[in-house]
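To start, the structure itself, in structure tokens.
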Amino acid sequence: MSADDYSFGFEIDVFCFFFLDNATTPLAPEVVDYVTEALTNAWANPSSSTDIGHKAKELIDQSREKIATMLNAEASEIIFVSGGTEANNMVLQTALKYFKSWAGKSHKESSYKPHIVTTNVEHDAILLPLKHFEEQQLAVVDYVPVSTSCGQVLVDEIEKNITDNTCLVTVMLANNETGVIMHVADIFRKIRKLNEIREMEGLCKILLHTDAAQAIGKITVDVKELGVDYLTVVGHKFYGPRIGALYIKDLGDANIPLYPMFFGGGQERRLRPGTENTPMIHGLGCAAELVTRNLKIYQENMLKMRHLLEQLLVVRIFNIVNVEEFGKNVIINCNAVTRLPNTCSVSFSKTAMTGGEILSRCPELMASTGAACHGTGKPSEILMASGVTFEDARSAVRLSVGRETTSKQIERTVSMLKSAVNLL
Ligand SMILES: Cc1ncc(COP(=O)(O)O)c(C=O)c1O
């Protein structure tokens, strides 16, 4: 194999890996340069008045601009956080405090509970804080089921679940296991209209959040088109470092609140205190700039490679054994709707093997059976909620192509899977 075969992979000793896992993307070489530059030349405290401190502050400001440009937002609407989990928790915690403050001003009884609407396929960084709120009786939550025929949540289903006490709707922009893109702009358009009526009726305004962790770098993410109040940005999903950002519409305007979870220094307008992680922030800015500049090119390659992957999976694996028994049972999950260009969830139904067992027979292939953070070994609840049967969810493998995935890598991946499944 030539060096090109490993352009999206990496080598450890003599083993070569094909990396088809969107749990984390590798760092773009430019990002590594940016991080290194900041580590070397802008290591000082960004709040210090030394030249090197000013340089660090300057890099942070530039990065904020770059993230804002990528999202069609203003730099003043971006704050840096540690990652997606923190950004999501900050929005959820904000919703609770916001409701409490609204209820206080509206002289509601203290027994009034905030109500939050979400979907049943969100990432754990949304689902688990919400479960915690329920356990602690801090909020009432509705987890609206996505359609089992397509994996998308229907606009009307979200609307139906709204109550007088709803203070937040959070719907992910794209699902991390299926790649299904949700109708966030349509959902939020409806709720903004509803907010106008609620305001006249003296009801709590509904805040709107989307977790765009998986969507950024794969599709256009424009906060104005989406009509969001908050949007979660996660660097390590778009070839950036492991750090995140939160977009807050008109930050500072009392209409869209943001409450800190931590208390300390004055960084990030006191909303996220703590000395800034300049190198990672600088790297995140670089990753955002690459997306702004090259999204179309990235998309083109991802789509082309995923298309090839899915074609080969169906055609090649179709031919390996008796068609009656096996061939028709290579299923590309949730392929009836628009998905992220990089994500392919495939089930090898009627095999005795689980997705994990199939992957363990492909030692060169780095992919996953679902969200990396679950790690339970059980069939994915998210896939089953999206209409995949228990059996098919058991044998599911998530393959995610990248910016530089090549057709050779795809061919090799399918061959590996074919041999793995053939071991049956
Ligand atoms: C959709 C989604 N949201 C949130 C997160 C959490 O991000 P992090 O682990 O960086 O905090 C992830 C990461 O897997 C994700 O895929």
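Residue numbers start at 1 in each chain; chains themselves are named A, B, ... in the order of the structure tokens; ligands are numbered from 1 in the order shown.
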**Request:** Grab me every residue within 7 Å of ligand 1, counting only C-alpha atoms and all ligand atoms, and send it over as a PyMOL selection string.
**Result:** chain A and resi 23+83-86+122-123+125+172+175-176+211-214+234+236+242-243+371-373
For the selection just defined, write its residues with N, CA and C atoms to a file, as an mmCIF file, in the first residue's frame.
data_model
loop_
_atom_site.group_PDB
_atom_site.id
_atom_site.type_symbol
_atom_site.label_atom_id
_atom_site.label_comp_id
_atom_site.auth_asym_id
_atom_site.auth_seq_id
_atom_site.Cartn_x
_atom_site.Cartn_y
_atom_site.Cartn_z
ATOM 1 N N ALA A 23 -16.591 9.630 16.304
ATOM 2 C CA ALA A 23 -16.619 9.990 17.719
ATOM 3 C C ALA A 23 -15.628 11.128 17.967
ATOM 4 N N GLY A 83 -16.246 21.899 26.134
ATOM 5 C CA GLY A 83 -16.704 20.960 25.111
ATOM 6 C C GLY A 83 -18.215 20.941 25.025
ATOM 7 N N GLY A 84 -18.727 19.942 24.302
ATOM 8 C CA GLY A 84 -20.164 19.857 24.066
ATOM 9 C C GLY A 84 -20.958 19.590 25.343
ATOM 10 N N THR A 85 -20.406 18.762 26.201
ATOM 11 C CA THR A 85 -21.119 18.416 27.434
ATOM 12 C C THR A 85 -21.327 19.672 28.266
ATOM 13 N N GLU A 86 -20.295 20.468 28.371
ATOM 14 C CA GLU A 86 -20.420 21.684 29.175
ATOM 15 C C GLU A 86 -21.393 22.676 28.527
ATOM 16 N N GLU A 122 -31.470 12.301 21.572
ATOM 17 C CA GLU A 122 -30.380 13.250 21.841
ATOM 18 C C GLU A 122 -29.170 12.505 22.405
ATOM 19 N N HIS A 123 -28.058 13.171 22.335
ATOM 20 C CA HIS A 123 -26.828 12.645 22.944
ATOM 21 C C HIS A 123 -26.996 12.628 24.465
ATOM 22 N N ALA A 125 -25.270 13.891 26.565
ATOM 23 C CA ALA A 125 -24.938 15.194 27.154
ATOM 24 C C ALA A 125 -26.170 16.099 27.237
ATOM 25 N N MET A 172 -31.400 18.272 18.663
ATOM 26 C CA MET A 172 -30.082 18.207 18.019
ATOM 27 C C MET A 172 -30.203 18.481 16.525
ATOM 28 N N ASN A 175 -28.132 13.683 14.184
ATOM 29 C CA ASN A 175 -27.899 12.621 15.160
ATOM 30 C C ASN A 175 -26.524 11.983 14.980
ATOM 31 N N ASN A 176 -25.888 11.710 16.098
ATOM 32 C CA ASN A 176 -24.522 11.181 16.062
ATOM 33 C C ASN A 176 -24.435 9.716 15.665
ATOM 34 N N ASP A 211 -28.009 21.256 19.577
ATOM 35 C CA ASP A 211 -26.677 20.695 19.740
ATOM 36 C C ASP A 211 -26.185 20.389 18.322
ATOM 37 N N ALA A 212 -25.235 21.210 17.859
ATOM 38 C CA ALA A 212 -24.769 21.065 16.469
ATOM 39 C C ALA A 212 -23.433 20.329 16.412
ATOM 40 N N ALA A 213 -23.140 19.561 17.478
ATOM 41 C CA ALA A 213 -21.833 18.891 17.570
ATOM 42 C C ALA A 213 -21.482 18.115 16.302
ATOM 43 N N GLN A 214 -22.430 17.343 15.795
ATOM 44 C CA GLN A 214 -22.112 16.464 14.664
ATOM 45 C C GLN A 214 -22.280 17.160 13.326
ATOM 46 N N VAL A 234 -18.588 21.771 19.011
ATOM 47 C CA VAL A 234 -17.630 20.820 19.599
ATOM 48 C C VAL A 234 -16.449 20.623 18.650
ATOM 49 N N HIS A 236 -13.694 18.765 18.508
ATOM 50 C CA HIS A 236 -13.081 17.500 18.063
ATOM 51 C C HIS A 236 -13.956 16.712 17.104
ATOM 52 N N ARG A 242 -9.910 19.355 21.370
ATOM 53 C CA ARG A 242 -11.001 18.973 22.268
ATOM 54 C C ARG A 242 -11.361 20.130 23.195
ATOM 55 N N ILE A 243 -12.116 21.039 22.631
ATOM 56 C CA ILE A 243 -12.615 22.218 23.326
ATOM 57 C C ILE A 243 -13.893 22.618 22.586
ATOM 58 N N ALA A 371 -22.671 5.473 19.656
ATOM 59 C CA ALA A 371 -22.005 6.559 20.355
ATOM 60 C C ALA A 371 -20.887 5.997 21.227
ATOM 61 N N ALA A 372 -19.719 6.596 21.097
ATOM 62 C CA ALA A 372 -18.558 6.086 21.827
ATOM 63 C C ALA A 372 -18.778 6.141 23.333
ATOM 64 N N CYS A 373 -19.545 7.115 23.767
ATOM 65 C CA CYS A 373 -19.672 7.310 25.217
ATOM 66 C C CYS A 373 -20.602 6.298 25.884
#
**Request:** Would you list the contacts of Arg339 of chain A as a ChimeraX atom specification, taking every protein, DNA or RNA residue within 12 Å and counting only C-alpha atoms, but skipping same-chain residues closer than 4 positions in sequence?
**Result:** /A:150-152,173-183,214-215,218-219,299,302-303,306-307,332-335,343-345,400
**Message:** Please determine, counting only C-alpha atoms, which residue among A:Asn255, A:Asn277, A:Asn22, A:Thr166 has the shortest atom-to-atom distance to Ser47 of chain A.
**Reply:** A:Asn277
**Asked** For Thr170 of chain A, which residue among A:Met261, A:Val221, A:Cys204, A:Leu231 is the nearest when counting only C-alpha atoms?
**Response** A:Leu231
**Request:** Enumerate as number ranges by chain all residues of segment 39-94 of chain A assigned to helix (DSSP H, G or I) by DSSP on the backbone, naming them with the chain letters and numbers the document uses.
**Result:** A: 39-41, 51-71, 75-77, 84-94
**Item:** Using only C-alpha atoms: which of A:Asn165, A:Thr292, A:Asn72, A:Asn342 has the shortest distance to Lys108 of chain A
**Value:** A:Asn165
**Request:** Give the strand (DSSP E or B) residues of segment 165-280 of chain A, as assigned by DSSP on the backbone, as a VMD selection string.
**Result:** chain A and resid 166 to 170 174 180 to 181 207 to 211 216 219 230 to 234 244 to 248
Now that the selection is made, can you save its residues with N, CA and C atoms as a PDB file, in the first residue's frame?
ATOM      1  N   THR A 166     -43.470  25.455  29.500  1.00  0.00           N
ATOM      2  CA  THR A 166     -42.283  25.116  28.698  1.00  0.00           C
ATOM      3  C   THR A 166     -41.353  26.333  28.646  1.00  0.00           C
ATOM      4  N   CYS A 167     -40.083  26.088  28.982  1.00  0.00           N
ATOM      5  CA  CYS A 167     -39.124  27.199  28.950  1.00  0.00           C
ATOM      6  C   CYS A 167     -37.984  26.918  27.983  1.00  0.00           C
ATOM      7  N   LEU A 168     -37.864  25.678  27.521  1.00  0.00           N
ATOM      8  CA  LEU A 168     -36.764  25.356  26.595  1.00  0.00           C
ATOM      9  C   LEU A 168     -37.180  24.214  25.672  1.00  0.00           C
ATOM     10  N   VAL A 169     -36.837  24.378  24.393  1.00  0.00           N
ATOM     11  CA  VAL A 169     -36.909  23.246  23.460  1.00  0.00           C
ATOM     12  C   VAL A 169     -35.489  23.021  22.968  1.00  0.00           C
ATOM     13  N   THR A 170     -35.001  21.799  23.130  1.00  0.00           N
ATOM     14  CA  THR A 170     -33.660  21.481  22.629  1.00  0.00           C
ATOM     15  C   THR A 170     -33.747  20.278  21.688  1.00  0.00           C
ATOM     16  N   ALA A 174     -28.156  17.215  14.129  1.00  0.00           N
ATOM     17  CA  ALA A 174     -27.990  15.937  13.408  1.00  0.00           C
ATOM     18  C   ALA A 174     -27.609  14.872  14.414  1.00  0.00           C
ATOM     19  N   VAL A 180     -28.964  11.378  10.849  1.00  0.00           N
ATOM     20  CA  VAL A 180     -30.223  12.016  10.420  1.00  0.00           C
ATOM     21  C   VAL A 180     -30.228  13.491  10.800  1.00  0.00           C
ATOM     22  N   ILE A 181     -30.576  14.331   9.833  1.00  0.00           N
ATOM     23  CA  ILE A 181     -30.632  15.777  10.064  1.00  0.00           C
ATOM     24  C   ILE A 181     -32.061  16.143  10.458  1.00  0.00           C
ATOM     25  N   LEU A 207     -37.113  29.181  25.169  1.00  0.00           N
ATOM     26  CA  LEU A 207     -35.751  29.326  24.634  1.00  0.00           C
ATOM     27  C   LEU A 207     -35.469  28.159  23.687  1.00  0.00           C
ATOM     28  N   LEU A 208     -34.626  28.416  22.681  1.00  0.00           N
ATOM     29  CA  LEU A 208     -34.411  27.415  21.625  1.00  0.00           C
ATOM     30  C   LEU A 208     -32.933  27.044  21.506  1.00  0.00           C
ATOM     31  N   HIS A 209     -32.660  25.775  21.684  1.00  0.00           N
ATOM     32  CA  HIS A 209     -31.256  25.314  21.633  1.00  0.00           C
ATOM     33  C   HIS A 209     -31.099  24.156  20.659  1.00  0.00           C
ATOM     34  N   THR A 210     -29.974  24.164  19.940  1.00  0.00           N
ATOM     35  CA  THR A 210     -29.632  22.966  19.162  1.00  0.00           C
ATOM     36  C   THR A 210     -28.200  22.563  19.460  1.00  0.00           C
ATOM     37  N   ASP A 211     -28.009  21.256  19.577  1.00  0.00           N
ATOM     38  CA  ASP A 211     -26.677  20.695  19.740  1.00  0.00           C
ATOM     39  C   ASP A 211     -26.185  20.389  18.322  1.00  0.00           C
ATOM     40  N   ILE A 216     -21.563  20.470  12.414  1.00  0.00           N
ATOM     41  CA  ILE A 216     -20.543  21.447  11.992  1.00  0.00           C
ATOM     42  C   ILE A 216     -19.418  20.733  11.231  1.00  0.00           C
ATOM     43  N   ILE A 219     -22.267  19.993   7.264  1.00  0.00           N
ATOM     44  CA  ILE A 219     -23.291  20.743   6.535  1.00  0.00           C
ATOM     45  C   ILE A 219     -23.185  22.217   6.962  1.00  0.00           C
ATOM     46  N   TYR A 230     -29.469  29.352  21.188  1.00  0.00           N
ATOM     47  CA  TYR A 230     -28.202  28.767  21.660  1.00  0.00           C
ATOM     48  C   TYR A 230     -27.796  27.649  20.697  1.00  0.00           C
ATOM     49  N   LEU A 231     -26.490  27.519  20.497  1.00  0.00           N
ATOM     50  CA  LEU A 231     -26.001  26.433  19.635  1.00  0.00           C
ATOM     51  C   LEU A 231     -24.667  25.919  20.186  1.00  0.00           C
ATOM     52  N   THR A 232     -24.570  24.606  20.267  1.00  0.00           N
ATOM     53  CA  THR A 232     -23.379  23.946  20.821  1.00  0.00           C
ATOM     54  C   THR A 232     -22.369  23.614  19.719  1.00  0.00           C
ATOM     55  N   VAL A 233     -21.116  23.995  19.965  1.00  0.00           N
ATOM     56  CA  VAL A 233     -20.014  23.761  19.017  1.00  0.00           C
ATOM     57  C   VAL A 233     -18.992  22.837  19.704  1.00  0.00           C
ATOM     58  N   VAL A 234     -18.588  21.771  19.011  1.00  0.00           N
ATOM     59  CA  VAL A 234     -17.630  20.820  19.599  1.00  0.00           C
ATOM     60  C   VAL A 234     -16.449  20.623  18.650  1.00  0.00           C
ATOM     61  N   GLY A 244     -14.734  23.407  23.207  1.00  0.00           N
ATOM     62  CA  GLY A 244     -15.988  23.766  22.542  1.00  0.00           C
ATOM     63  C   GLY A 244     -16.317  25.234  22.693  1.00  0.00           C
ATOM     64  N   ALA A 245     -17.457  25.580  22.161  1.00  0.00           N
ATOM     65  CA  ALA A 245     -17.938  26.959  22.269  1.00  0.00           C
ATOM     66  C   ALA A 245     -19.458  26.911  22.322  1.00  0.00           C
ATOM     67  N   LEU A 246     -20.003  27.981  22.845  1.00  0.00           N
ATOM     68  CA  LEU A 246     -21.462  28.101  22.865  1.00  0.00           C
ATOM     69  C   LEU A 246     -21.830  29.413  22.192  1.00  0.00           C
ATOM     70  N   TYR A 247     -22.771  29.334  21.259  1.00  0.00           N
ATOM     71  CA  TYR A 247     -23.327  30.541  20.642  1.00  0.00           C
ATOM     72  C   TYR A 247     -24.559  30.931  21.451  1.00  0.00           C
ATOM     73  N   ILE A 248     -24.667  32.212  21.785  1.00  0.00           N
ATOM     74  CA  ILE A 248     -25.852  32.725  22.487  1.00  0.00           C
ATOM     75  C   ILE A 248     -26.303  33.965  21.723  1.00  0.00           C
TER      76      ILE A 248
END
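Nearest to Leu96 of chain A of all the residues A:Ile206, A:Ile187, A:Gly53, A:Asn422 is A:Ile206, counting only C-alpha atoms.
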Go through segment 126-189 of chain A residue by residue and, counting only C-alpha atoms, keep those with an atom at most 8 Å from segment 89-92 of chain A; for each kept residue give the shortest atom pair and its distance in Å to one decimal, ordered by chain and increasing number, as a tab-separated table.
residue	atom	partner	partner_atom	distance
A:Ile126	CA	A:Asn89	CA	7.2
A:Pro129	CA	A:Asn89	CA	6.8
A:Leu130	CA	A:Leu92	CA	7.8
A:Leu168	CA	A:Leu92	CA	8.0
